[in-house]
4 protein chains.
Amino acid sequence: MPEETFRERVYTIIFHSDTPGGRRFDVILLWLILLSMLSVFLESVASVRKEYYPIITAAEWLFTIVFTIEYILRLYSYPRRFKYFFSFYGIIDLLAIIPGYLGLLIPNLQYLLVIRALRLLRVFRILKLTRYLNEGDVLKQALKASMYKIVVFLATVVTLVTIVGTMMYVIEGEKNGFTSIPTSIYWAVVTITTVGYGDISPETSLGQFLAGVLMIIGYGIIAVPTGIVSAEMTKASQVALKPCPKCNNLVSPAQARFCSNCGEPISSSQPSA
Amino acid sequence: MPEETFRERVYTIIFHSDTPGGRRFDVILLWLILLSMLSVFLESVASVRKEYYPIITAAEWLFTIVFTIEYILRLYSYPRRFKYFFSFYGIIDLLAIIPGYLGLLIPNLQYLLVIRALRLLRVFRILKLTRYLNEGDVLKQALKASMYKIVVFLATVVTLVTIVGTMMYVIEGEKNGFTSIPTSIYWAVVTITTVGYGDISPETSLGQFLAGVLMIIGYGIIAVPTGIVSAEMTKASQVALKPCPKCNNLVSPAQARFCSNCGEPISSSQPSA
Amino acid sequence: MPEETFRERVYTIIFHSDTPGGRRFDVILLWLILLSMLSVFLESVASVRKEYYPIITAAEWLFTIVFTIEYILRLYSYPRRFKYFFSFYGIIDLLAIIPGYLGLLIPNLQYLLVIRALRLLRVFRILKLTRYLNEGDVLKQALKASMYKIVVFLATVVTLVTIVGTMMYVIEGEKNGFTSIPTSIYWAVVTITTVGYGDISPETSLGQFLAGVLMIIGYGIIAVPTGIVSAEMTKASQVALKPCPKCNNLVSPAQARFCSNCGEPISSSQPSA
Amino acid sequence: MPEETFRERVYTIIFHSDTPGGRRFDVILLWLILLSMLSVFLESVASVRKEYYPIITAAEWLFTIVFTIEYILRLYSYPRRFKYFFSFYGIIDLLAIIPGYLGLLIPNLQYLLVIRALRLLRVFRILKLTRYLNEGDVLKQALKASMYKIVVFLATVVTLVTIVGTMMYVIEGEKNGFTSIPTSIYWAVVTITTVGYGDISPETSLGQFLAGVLMIIGYGIIAVPTGIVSAEMTKASQVALKPCPKCNNLVSPAQARFCSNCGEPISSSQPSA
């Protein structure tokens, strides 16, 4: 067996978490990410920044340099570099270091380093917490299955807030805080989603009446996306399918005694709970 | 074959989107609508209006005139004019140009031109995005099926906010912002829908207690419309069944070619959508 | 056939809406109730009250006297007076006139005349809108079936807001608006129900953190009552039962070919949709 | 039969509510807990505290001493002391007296005596209201069954508010109230949960746009936990099935005595609760 090259060793440690070295690497990475996010949070607090500015800046640069080296090593060791570069995780890894350098040119941009939060996703995957990701897939599929319905729902909401927002702009006018149609649409979104900041609120009787109607509509249509997802989830959790032994058609042993495609008898060894 | 008249040619271009000319017409229309809405939005922003008033006014008049010509052509070319005039789209097409002219007489009314947003609905239909409209129909049917329940629910909410609103007017009084019963009912709607602007809020102990009870009731009954729609959707997404001709077992002709109980072939005359 | 006495005639007109006279009476009553509520609303608006005080007061007294006469006639004509007096509608009819007289002694109490809104319930029933009341019964049963779960849920919410409210009182203190434990509990209810007036809001870091946790909990547990009612409704809308011809046991013809109690074959004439 | 010792008698009265003495003890305990919570509430109201300080303080000490004696008696009489000490109720009983003593050292800590609310849980159990606790268990199981999905959901929400909060800090800046990243994350939580205090709200156009998007996302994803719990509840309320011994058709032993497909008798060994 030939000796492992340096590049292969790096690859194993960085990308394979089922070796002792890889596991140690992942745990260290997890802590580095959390610490680097903490330092970004702390820098943004004025009182902390005044007191500890040099230390925090030093820490942030340290994390950015470490993550840059890690990124270069990943790019160096991965067999097909382009594939990694354009992969989901490759892009996140890059985005997690760029704001550190851009912060030198444009102030405040270094705060976007919190995008490192997305890197935690990989650690999740690596630490064998795939069960959680699987559940995430179930959620994703339920959302995907109701995609069309959700698009229709969102289009309805957008049309509604556009028209109601404009009506409120005409009714309330600039003196009551509805300073422009975009602002009024913002108000309509704040209202229909039941957030209700109160930074803008209707003051004329007609405006309050229209706002009340919008609220009750919003209260009613919040039922729609919930209904969509509930129905999808109920369906998803009811259907436990397996392929027909003869024609590979998916059937539910809990509900069928014959394949609904070819008529082959189906054995229902263990009924789904 | 006789030569196509001008009127027929116009009809084909405007109403038929399956010809190259019709398709081009629809795409141009889509952009014109979006641009005209943008110009209405921009006019309402004070700083933009001050700077670019002549340009924006000119643009709005241009759009209004173009849409007026389009409306006349539609009316001219459609075989049965009255039917178009009183159709859903005919009314929207008319409403989309009227505020432009009324804005000359009554200030601010031109903003209602955003009603053009509804015209986008037709473009949706034309661009073969009918799948989305079908899903919209499913939503509409689910809402229609639970119509009675929703009316009962709304009547309950209206009665509740009327009585609680009046009680709060008596308890809190005009000095705490509950200036009249209609205003107090507005407050009750803001509260029960969990919007909660905070422009009016109770300040006496008894008022805060009653408000708290109203909130928890509101929080509880938000479950009701959601439950209604969820149940309706779950039912709708469970496929229409018919009995197997041999064993009477209920099967779904849309999904099964053989009865899952006895293996009898099932004819799927019209599969449910 | 003996002549109808005066009392019987009154009874027929007031309580039987299936005669022409009864129907006319109900329609007039509906309008009187709506008008009397409008006059109460208008009296509460300061500008209207200043201008039209004598007219509105006169109108209110007129309505109160008319409803008092109606109440006396109901009591007089109904065969079993005590039964009417203590019935649901009897109590509402009485409550709908009392505040008018009490308003002479205690100011502002006349506003409670809006309790007349509840009288509309009877008109609903009378006008043969019973379909709506039936649907209301379905809702009531679904709520009743999940009674225990809802009580447990409410007890959890009350315990949670008590403890979190007190913690916030200790953390934020009186200087940040959390002036007492009852007020802090009020704040916790405002927050957990996602109403969020903003009249009281945390200002310390620890308080904001705890508030954030409470919000996410509230956001999560709003799912619980909805889930309860959805499940109940789904169940209610799925089960369409009829009695077994042999043993009267309730079975679902859509799902069963034999009675699950005695084994009698069940004919499934029309499968439920 | 040997005479009951004092310790055994105490044990019976305190821990067994099925004897007359035990029952009386529980009712007294229930009232003492409620009264002690009321006195804590009243102490926190400034006007009441000023007026009645000595009385309230005396009452609080009285309750604390009584509960301390009760705790010592519980510890003394329970057969296996360590088991009680570390049990759920044992810890709550201890927590319900500690703040009373700590309040001498650290001001305001005595308010945490409201933790006594949790003691009411035991009284619930004792008073044979176990039906409510059973329903609570059903809720707990439904939540447990959807544990993984809820963790994934919460992780998504936390990541989302972290990133959006930081973006808003960069966009709006400290002058508009977004004074630090933690504060901005707090704002994002307030917004995504639709609480919307309005103590901090975006003022730039870009900030308002981003806030609007966040609200609609929040409005949409509120559907997810509800969908999860609804599906779980629907499943839970659909009874456990097992195959018919003769025809393999799935039947519910809790509801059926004969197979609904072939008429075979079904043994219902242990009906599911």
# chains A, B, ... in the order shown; residues from 1 in each chain; ligands from 1

call {"tool": "residues_around", "arguments": {"residues": "Leu73 of chain D", "least_positions_apart": "2", "cutoff": "9 Å", "atoms": "only C-alpha atoms", "output": "list in words"}}
result
Arg7, Val10, Tyr11, Ile14, Thr68, Ile69, Glu70, Tyr71, Leu75, Tyr76, Ser77 and Tyr78 of chain D

call {"tool": "interface_residues", "arguments": {"of": "chain B", "to": "chain C", "cutoff": "8 Å", "atoms": "only C-alpha atoms", "output": "PDB file with N, CA, C and O atoms, in the first residue's frame"}}
result
ATOM      1  N   TYR B 148     -70.110  28.612   5.472  1.00  0.00           N
ATOM      2  CA  TYR B 148     -71.048  28.768   6.574  1.00  0.00           C
ATOM      3  C   TYR B 148     -70.321  28.885   7.896  1.00  0.00           C
ATOM      4  O   TYR B 148     -70.600  29.753   8.708  1.00  0.00           O
ATOM      5  N   LYS B 149     -69.341  27.978   8.096  1.00  0.00           N
ATOM      6  CA  LYS B 149     -68.580  27.997   9.348  1.00  0.00           C
ATOM      7  C   LYS B 149     -67.871  29.322   9.511  1.00  0.00           C
ATOM      8  O   LYS B 149     -67.810  29.877  10.603  1.00  0.00           O
ATOM      9  N   VAL B 151     -68.731  32.278   8.230  1.00  0.00           N
ATOM     10  CA  VAL B 151     -69.698  33.336   8.538  1.00  0.00           C
ATOM     11  C   VAL B 151     -70.055  33.309  10.022  1.00  0.00           C
ATOM     12  O   VAL B 151     -70.057  34.344  10.698  1.00  0.00           O
ATOM     13  N   VAL B 152     -70.322  32.108  10.548  1.00  0.00           N
ATOM     14  CA  VAL B 152     -70.627  31.987  11.973  1.00  0.00           C
ATOM     15  C   VAL B 152     -69.470  32.511  12.807  1.00  0.00           C
ATOM     16  O   VAL B 152     -69.653  33.271  13.771  1.00  0.00           O
ATOM     17  N   PHE B 153     -68.252  32.134  12.405  1.00  0.00           N
ATOM     18  CA  PHE B 153     -67.063  32.576  13.125  1.00  0.00           C
ATOM     19  C   PHE B 153     -66.950  34.092  13.114  1.00  0.00           C
ATOM     20  O   PHE B 153     -66.738  34.724  14.158  1.00  0.00           O
ATOM     21  N   THR B 159     -69.610  40.275  17.163  1.00  0.00           N
ATOM     22  CA  THR B 159     -70.364  40.463  18.404  1.00  0.00           C
ATOM     23  C   THR B 159     -69.419  40.670  19.581  1.00  0.00           C
ATOM     24  O   THR B 159     -69.611  41.567  20.414  1.00  0.00           O
ATOM     25  N   THR B 162     -67.725  44.091  19.552  1.00  0.00           N
ATOM     26  CA  THR B 162     -68.692  45.145  19.874  1.00  0.00           C
ATOM     27  C   THR B 162     -68.890  45.251  21.380  1.00  0.00           C
ATOM     28  O   THR B 162     -68.797  46.340  21.965  1.00  0.00           O
ATOM     29  N   ILE B 163     -69.121  44.110  22.017  1.00  0.00           N
ATOM     30  CA  ILE B 163     -69.410  44.139  23.453  1.00  0.00           C
ATOM     31  C   ILE B 163     -68.166  44.487  24.265  1.00  0.00           C
ATOM     32  O   ILE B 163     -68.199  45.363  25.135  1.00  0.00           O
ATOM     33  N   THR B 166     -67.221  48.186  23.834  1.00  0.00           N
ATOM     34  CA  THR B 166     -68.053  49.088  24.627  1.00  0.00           C
ATOM     35  C   THR B 166     -67.683  49.038  26.099  1.00  0.00           C
ATOM     36  O   THR B 166     -67.596  50.073  26.773  1.00  0.00           O
ATOM     37  N   MET B 167     -67.445  47.827  26.619  1.00  0.00           N
ATOM     38  CA  MET B 167     -67.044  47.705  28.021  1.00  0.00           C
ATOM     39  C   MET B 167     -65.758  48.488  28.284  1.00  0.00           C
ATOM     40  O   MET B 167     -65.645  49.176  29.305  1.00  0.00           O
ATOM     41  N   VAL B 170     -66.417  52.146  28.567  1.00  0.00           N
ATOM     42  CA  VAL B 170     -66.970  52.507  29.870  1.00  0.00           C
ATOM     43  C   VAL B 170     -65.886  52.472  30.938  1.00  0.00           C
ATOM     44  O   VAL B 170     -65.785  53.357  31.789  1.00  0.00           O
ATOM     45  N   THR B 179     -61.698  57.097  22.888  1.00  0.00           N
ATOM     46  CA  THR B 179     -62.464  58.333  22.758  1.00  0.00           C
ATOM     47  C   THR B 179     -63.921  58.131  22.374  1.00  0.00           C
ATOM     48  O   THR B 179     -64.729  59.027  22.563  1.00  0.00           O
ATOM     49  N   SER B 180     -64.279  56.984  21.789  1.00  0.00           N
ATOM     50  CA  SER B 180     -65.680  56.718  21.449  1.00  0.00           C
ATOM     51  C   SER B 180     -65.859  55.220  21.301  1.00  0.00           C
ATOM     52  O   SER B 180     -64.872  54.476  21.262  1.00  0.00           O
ATOM     53  N   ILE B 181     -67.105  54.780  21.208  1.00  0.00           N
ATOM     54  CA  ILE B 181     -67.317  53.331  21.070  1.00  0.00           C
ATOM     55  C   ILE B 181     -66.731  52.811  19.757  1.00  0.00           C
ATOM     56  O   ILE B 181     -66.041  51.792  19.773  1.00  0.00           O
ATOM     57  N   PRO B 182     -66.951  53.489  18.604  1.00  0.00           N
ATOM     58  CA  PRO B 182     -66.307  52.986  17.384  1.00  0.00           C
ATOM     59  C   PRO B 182     -64.794  52.873  17.537  1.00  0.00           C
ATOM     60  O   PRO B 182     -64.194  51.870  17.128  1.00  0.00           O
ATOM     61  N   THR B 191     -56.747  44.256  18.955  1.00  0.00           N
ATOM     62  CA  THR B 191     -56.277  43.360  20.010  1.00  0.00           C
ATOM     63  C   THR B 191     -56.597  41.904  19.715  1.00  0.00           C
ATOM     64  O   THR B 191     -55.738  41.033  19.821  1.00  0.00           O
ATOM     65  N   THR B 193     -57.159  40.394  16.971  1.00  0.00           N
ATOM     66  CA  THR B 193     -56.417  39.841  15.838  1.00  0.00           C
ATOM     67  C   THR B 193     -54.927  39.763  16.137  1.00  0.00           C
ATOM     68  O   THR B 193     -54.146  39.399  15.268  1.00  0.00           O
ATOM     69  N   THR B 194     -54.530  40.134  17.361  1.00  0.00           N
ATOM     70  CA  THR B 194     -53.126  40.118  17.818  1.00  0.00           C
ATOM     71  C   THR B 194     -52.240  41.070  17.023  1.00  0.00           C
ATOM     72  O   THR B 194     -51.026  40.899  17.009  1.00  0.00           O
ATOM     73  N   VAL B 195     -52.842  42.078  16.370  1.00  0.00           N
ATOM     74  CA  VAL B 195     -52.012  43.084  15.690  1.00  0.00           C
ATOM     75  C   VAL B 195     -51.334  43.962  16.734  1.00  0.00           C
ATOM     76  O   VAL B 195     -50.110  44.071  16.769  1.00  0.00           O
ATOM     77  N   GLY B 196     -52.131  44.590  17.599  1.00  0.00           N
ATOM     78  CA  GLY B 196     -51.568  45.327  18.737  1.00  0.00           C
ATOM     79  C   GLY B 196     -50.672  46.488  18.395  1.00  0.00           C
ATOM     80  O   GLY B 196     -49.488  46.463  18.715  1.00  0.00           O
ATOM     81  N   TYR B 197     -51.223  47.556  17.749  1.00  0.00           N
ATOM     82  CA  TYR B 197     -50.389  48.721  17.432  1.00  0.00           C
ATOM     83  C   TYR B 197     -49.819  49.357  18.688  1.00  0.00           C
ATOM     84  O   TYR B 197     -48.678  49.776  18.719  1.00  0.00           O
ATOM     85  N   GLY B 198     -50.671  49.495  19.703  1.00  0.00           N
ATOM     86  CA  GLY B 198     -50.246  50.223  20.884  1.00  0.00           C
ATOM     87  C   GLY B 198     -50.562  51.702  20.795  1.00  0.00           C
ATOM     88  O   GLY B 198     -50.176  52.461  21.681  1.00  0.00           O
ATOM     89  N   ASP B 199     -51.251  52.155  19.711  1.00  0.00           N
ATOM     90  CA  ASP B 199     -51.661  53.573  19.677  1.00  0.00           C
ATOM     91  C   ASP B 199     -52.715  53.840  20.746  1.00  0.00           C
ATOM     92  O   ASP B 199     -52.793  54.928  21.284  1.00  0.00           O
ATOM     93  N   SER B 201     -53.972  51.826  24.331  1.00  0.00           N
ATOM     94  CA  SER B 201     -53.768  50.648  25.189  1.00  0.00           C
ATOM     95  C   SER B 201     -54.311  50.948  26.576  1.00  0.00           C
ATOM     96  O   SER B 201     -54.236  52.077  27.048  1.00  0.00           O
ATOM     97  N   SER B 205     -56.230  49.053  35.896  1.00  0.00           N
ATOM     98  CA  SER B 205     -56.020  47.636  36.209  1.00  0.00           C
ATOM     99  C   SER B 205     -57.137  46.791  35.619  1.00  0.00           C
ATOM    100  O   SER B 205     -56.892  45.758  34.992  1.00  0.00           O
ATOM    101  N   GLN B 208     -56.753  46.498  31.903  1.00  0.00           N
ATOM    102  CA  GLN B 208     -55.673  45.592  31.511  1.00  0.00           C
ATOM    103  C   GLN B 208     -56.088  44.145  31.714  1.00  0.00           C
ATOM    104  O   GLN B 208     -55.750  43.278  30.913  1.00  0.00           O
ATOM    105  N   PHE B 209     -56.837  43.891  32.790  1.00  0.00           N
ATOM    106  CA  PHE B 209     -57.303  42.528  33.031  1.00  0.00           C
ATOM    107  C   PHE B 209     -58.243  42.076  31.908  1.00  0.00           C
ATOM    108  O   PHE B 209     -58.072  41.004  31.328  1.00  0.00           O
ATOM    109  N   GLY B 212     -56.379  41.449  28.792  1.00  0.00           N
ATOM    110  CA  GLY B 212     -55.670  40.176  28.856  1.00  0.00           C
ATOM    111  C   GLY B 212     -56.594  39.005  28.539  1.00  0.00           C
ATOM    112  O   GLY B 212     -56.232  38.095  27.793  1.00  0.00           O
ATOM    113  N   MET B 215     -57.275  38.930  24.867  1.00  0.00           N
ATOM    114  CA  MET B 215     -56.130  38.418  24.107  1.00  0.00           C
ATOM    115  C   MET B 215     -56.097  36.901  24.121  1.00  0.00           C
ATOM    116  O   MET B 215     -55.863  36.267  23.104  1.00  0.00           O
ATOM    117  N   ILE B 216     -56.306  36.330  25.321  1.00  0.00           N
ATOM    118  CA  ILE B 216     -56.226  34.869  25.407  1.00  0.00           C
ATOM    119  C   ILE B 216     -57.382  34.252  24.626  1.00  0.00           C
ATOM    120  O   ILE B 216     -57.210  33.238  23.942  1.00  0.00           O
ATOM    121  N   TYR B 219     -56.360  34.529  21.043  1.00  0.00           N
ATOM    122  CA  TYR B 219     -55.310  33.554  20.822  1.00  0.00           C
ATOM    123  C   TYR B 219     -55.921  32.162  20.649  1.00  0.00           C
ATOM    124  O   TYR B 219     -55.462  31.357  19.852  1.00  0.00           O
ATOM    125  N   GLY B 220     -56.971  31.892  21.433  1.00  0.00           N
ATOM    126  CA  GLY B 220     -57.629  30.593  21.348  1.00  0.00           C
ATOM    127  C   GLY B 220     -58.455  30.464  20.079  1.00  0.00           C
ATOM    128  O   GLY B 220     -58.376  29.453  19.381  1.00  0.00           O
ATOM    129  N   ILE B 222     -58.179  31.954  17.261  1.00  0.00           N
ATOM    130  CA  ILE B 222     -57.453  31.950  15.997  1.00  0.00           C
ATOM    131  C   ILE B 222     -57.344  30.502  15.522  1.00  0.00           C
ATOM    132  O   ILE B 222     -57.179  30.223  14.330  1.00  0.00           O
ATOM    133  N   ALA B 223     -57.471  29.564  16.473  1.00  0.00           N
ATOM    134  CA  ALA B 223     -57.404  28.155  16.121  1.00  0.00           C
ATOM    135  C   ALA B 223     -58.604  27.743  15.275  1.00  0.00           C
ATOM    136  O   ALA B 223     -58.511  26.813  14.479  1.00  0.00           O
ATOM    137  N   VAL B 224     -59.726  28.423  15.437  1.00  0.00           N
ATOM    138  CA  VAL B 224     -60.956  27.947  14.807  1.00  0.00           C
ATOM    139  C   VAL B 224     -60.911  28.057  13.277  1.00  0.00           C
ATOM    140  O   VAL B 224     -61.087  27.057  12.584  1.00  0.00           O
ATOM    141  N   THR B 226     -58.388  28.318  11.378  1.00  0.00           N
ATOM    142  CA  THR B 226     -57.311  27.450  10.924  1.00  0.00           C
ATOM    143  C   THR B 226     -57.772  26.003  10.920  1.00  0.00           C
ATOM    144  O   THR B 226     -57.533  25.268   9.957  1.00  0.00           O
ATOM    145  N   GLY B 227     -58.435  25.601  11.993  1.00  0.00           N
ATOM    146  CA  GLY B 227     -58.949  24.237  12.057  1.00  0.00           C
ATOM    147  C   GLY B 227     -59.930  23.957  10.940  1.00  0.00           C
ATOM    148  O   GLY B 227     -59.885  22.900  10.303  1.00  0.00           O
ATOM    149  N   ILE B 228     -60.806  24.924  10.663  1.00  0.00           N
ATOM    150  CA  ILE B 228     -61.788  24.747   9.595  1.00  0.00           C
ATOM    151  C   ILE B 228     -61.098  24.497   8.263  1.00  0.00           C
ATOM    152  O   ILE B 228     -61.374  23.514   7.567  1.00  0.00           O
ATOM    153  N   SER B 230     -57.923  23.738   7.661  1.00  0.00           N
ATOM    154  CA  SER B 230     -57.080  22.540   7.656  1.00  0.00           C
ATOM    155  C   SER B 230     -57.909  21.297   7.375  1.00  0.00           C
ATOM    156  O   SER B 230     -57.530  20.460   6.548  1.00  0.00           O
ATOM    157  N   ALA B 231     -59.035  21.171   8.071  1.00  0.00           N
ATOM    158  CA  ALA B 231     -59.878  19.992   7.893  1.00  0.00           C
ATOM    159  C   ALA B 231     -60.370  19.913   6.454  1.00  0.00           C
ATOM    160  O   ALA B 231     -60.347  18.841   5.825  1.00  0.00           O
ATOM    161  N   GLU B 232     -60.778  21.066   5.913  1.00  0.00           N
ATOM    162  CA  GLU B 232     -61.283  21.109   4.542  1.00  0.00           C
ATOM    163  C   GLU B 232     -60.195  20.686   3.554  1.00  0.00           C
ATOM    164  O   GLU B 232     -60.432  19.917   2.625  1.00  0.00           O
ATOM    165  N   THR B 234     -57.435  18.919   4.225  1.00  0.00           N
ATOM    166  CA  THR B 234     -57.099  17.514   4.407  1.00  0.00           C
ATOM    167  C   THR B 234     -58.091  16.659   3.633  1.00  0.00           C
ATOM    168  O   THR B 234     -57.710  15.723   2.925  1.00  0.00           O
ATOM    169  N   LYS B 235     -59.372  17.012   3.743  1.00  0.00           N
ATOM    170  CA  LYS B 235     -60.405  16.271   3.030  1.00  0.00           C
ATOM    171  C   LYS B 235     -60.193  16.388   1.522  1.00  0.00           C
ATOM    172  O   LYS B 235     -60.232  15.394   0.797  1.00  0.00           O
ATOM    173  N   ALA B 240     -60.847  11.557  -4.249  1.00  0.00           N
ATOM    174  CA  ALA B 240     -62.230  11.113  -4.407  1.00  0.00           C
ATOM    175  C   ALA B 240     -62.285   9.610  -4.644  1.00  0.00           C
ATOM    176  O   ALA B 240     -61.589   9.086  -5.496  1.00  0.00           O
ATOM    177  N   LEU B 241     -63.123   8.934  -3.890  1.00  0.00           N
ATOM    178  CA  LEU B 241     -63.184   7.475  -3.952  1.00  0.00           C
ATOM    179  C   LEU B 241     -64.457   6.998  -4.630  1.00  0.00           C
ATOM    180  O   LEU B 241     -65.462   7.696  -4.649  1.00  0.00           O
ATOM    181  N   LYS B 242     -64.430   5.784  -5.234  1.00  0.00           N
ATOM    182  CA  LYS B 242     -65.671   5.146  -5.665  1.00  0.00           C
ATOM    183  C   LYS B 242     -65.605   3.652  -5.361  1.00  0.00           C
ATOM    184  O   LYS B 242     -64.513   3.095  -5.244  1.00  0.00           O
ATOM    185  N   PRO B 243     -66.738   2.998  -5.178  1.00  0.00           N
ATOM    186  CA  PRO B 243     -66.688   1.593  -4.760  1.00  0.00           C
ATOM    187  C   PRO B 243     -66.203   0.684  -5.890  1.00  0.00           C
ATOM    188  O   PRO B 243     -66.520   0.897  -7.056  1.00  0.00           O
ATOM    189  N   ASN B 248     -66.955  -3.895  -3.690  1.00  0.00           N
ATOM    190  CA  ASN B 248     -67.511  -2.708  -3.040  1.00  0.00           C
ATOM    191  C   ASN B 248     -66.504  -1.943  -2.184  1.00  0.00           C
ATOM    192  O   ASN B 248     -66.846  -0.935  -1.571  1.00  0.00           O
ATOM    193  N   ASN B 249     -65.259  -2.412  -2.133  1.00  0.00           N
ATOM    194  CA  ASN B 249     -64.222  -1.700  -1.398  1.00  0.00           C
ATOM    195  C   ASN B 249     -64.023  -0.334  -2.066  1.00  0.00           C
ATOM    196  O   ASN B 249     -64.029  -0.209  -3.281  1.00  0.00           O
ATOM    197  N   LEU B 250     -63.827   0.739  -1.280  1.00  0.00           N
ATOM    198  CA  LEU B 250     -63.647   2.068  -1.873  1.00  0.00           C
ATOM    199  C   LEU B 250     -62.238   2.227  -2.424  1.00  0.00           C
ATOM    200  O   LEU B 250     -61.258   1.982  -1.714  1.00  0.00           O
TER     201      LEU B 250
END

call {"tool": "residues_around", "arguments": {"residues": "Pro202 of chain D", "least_positions_apart": "4", "cutoff": "8 Å", "atoms": "only C-alpha atoms", "output": "MDAnalysis selection string"}}
result
chainID D and resid 172 176 207:208 211

call {"tool": "write_last_selection", "arguments": {"atoms": "N, CA, C and O atoms", "output": "mmCIF file, in the first residue's frame"}}
result
data_model
loop_
_atom_site.group_PDB
_atom_site.id
_atom_site.type_symbol
_atom_site.label_atom_id
_atom_site.label_comp_id
_atom_site.auth_asym_id
_atom_site.auth_seq_id
_atom_site.Cartn_x
_atom_site.Cartn_y
_atom_site.Cartn_z
ATOM 1 N N GLU D 172 -29.723 49.789 9.167
ATOM 2 C CA GLU D 172 -30.366 50.865 9.915
ATOM 3 C C GLU D 172 -29.389 51.626 10.800
ATOM 4 O O GLU D 172 -29.485 52.842 10.941
ATOM 5 N N ASN D 176 -31.061 54.627 14.402
ATOM 6 C CA ASN D 176 -32.471 54.267 14.311
ATOM 7 C C ASN D 176 -32.906 53.251 15.358
ATOM 8 O O ASN D 176 -33.914 52.584 15.204
ATOM 9 N N GLY D 207 -34.540 49.164 4.942
ATOM 10 C CA GLY D 207 -34.854 48.465 6.186
ATOM 11 C C GLY D 207 -36.313 48.056 6.243
ATOM 12 O O GLY D 207 -36.644 46.943 6.652
ATOM 13 N N GLN D 208 -37.197 48.951 5.808
ATOM 14 C CA GLN D 208 -38.628 48.625 5.830
ATOM 15 C C GLN D 208 -38.935 47.501 4.850
ATOM 16 O O GLN D 208 -39.756 46.626 5.123
ATOM 17 N N ALA D 211 -37.697 44.317 6.409
ATOM 18 C CA ALA D 211 -38.599 43.960 7.505
ATOM 19 C C ALA D 211 -39.889 43.347 6.955
ATOM 20 O O ALA D 211 -40.391 42.352 7.476
#
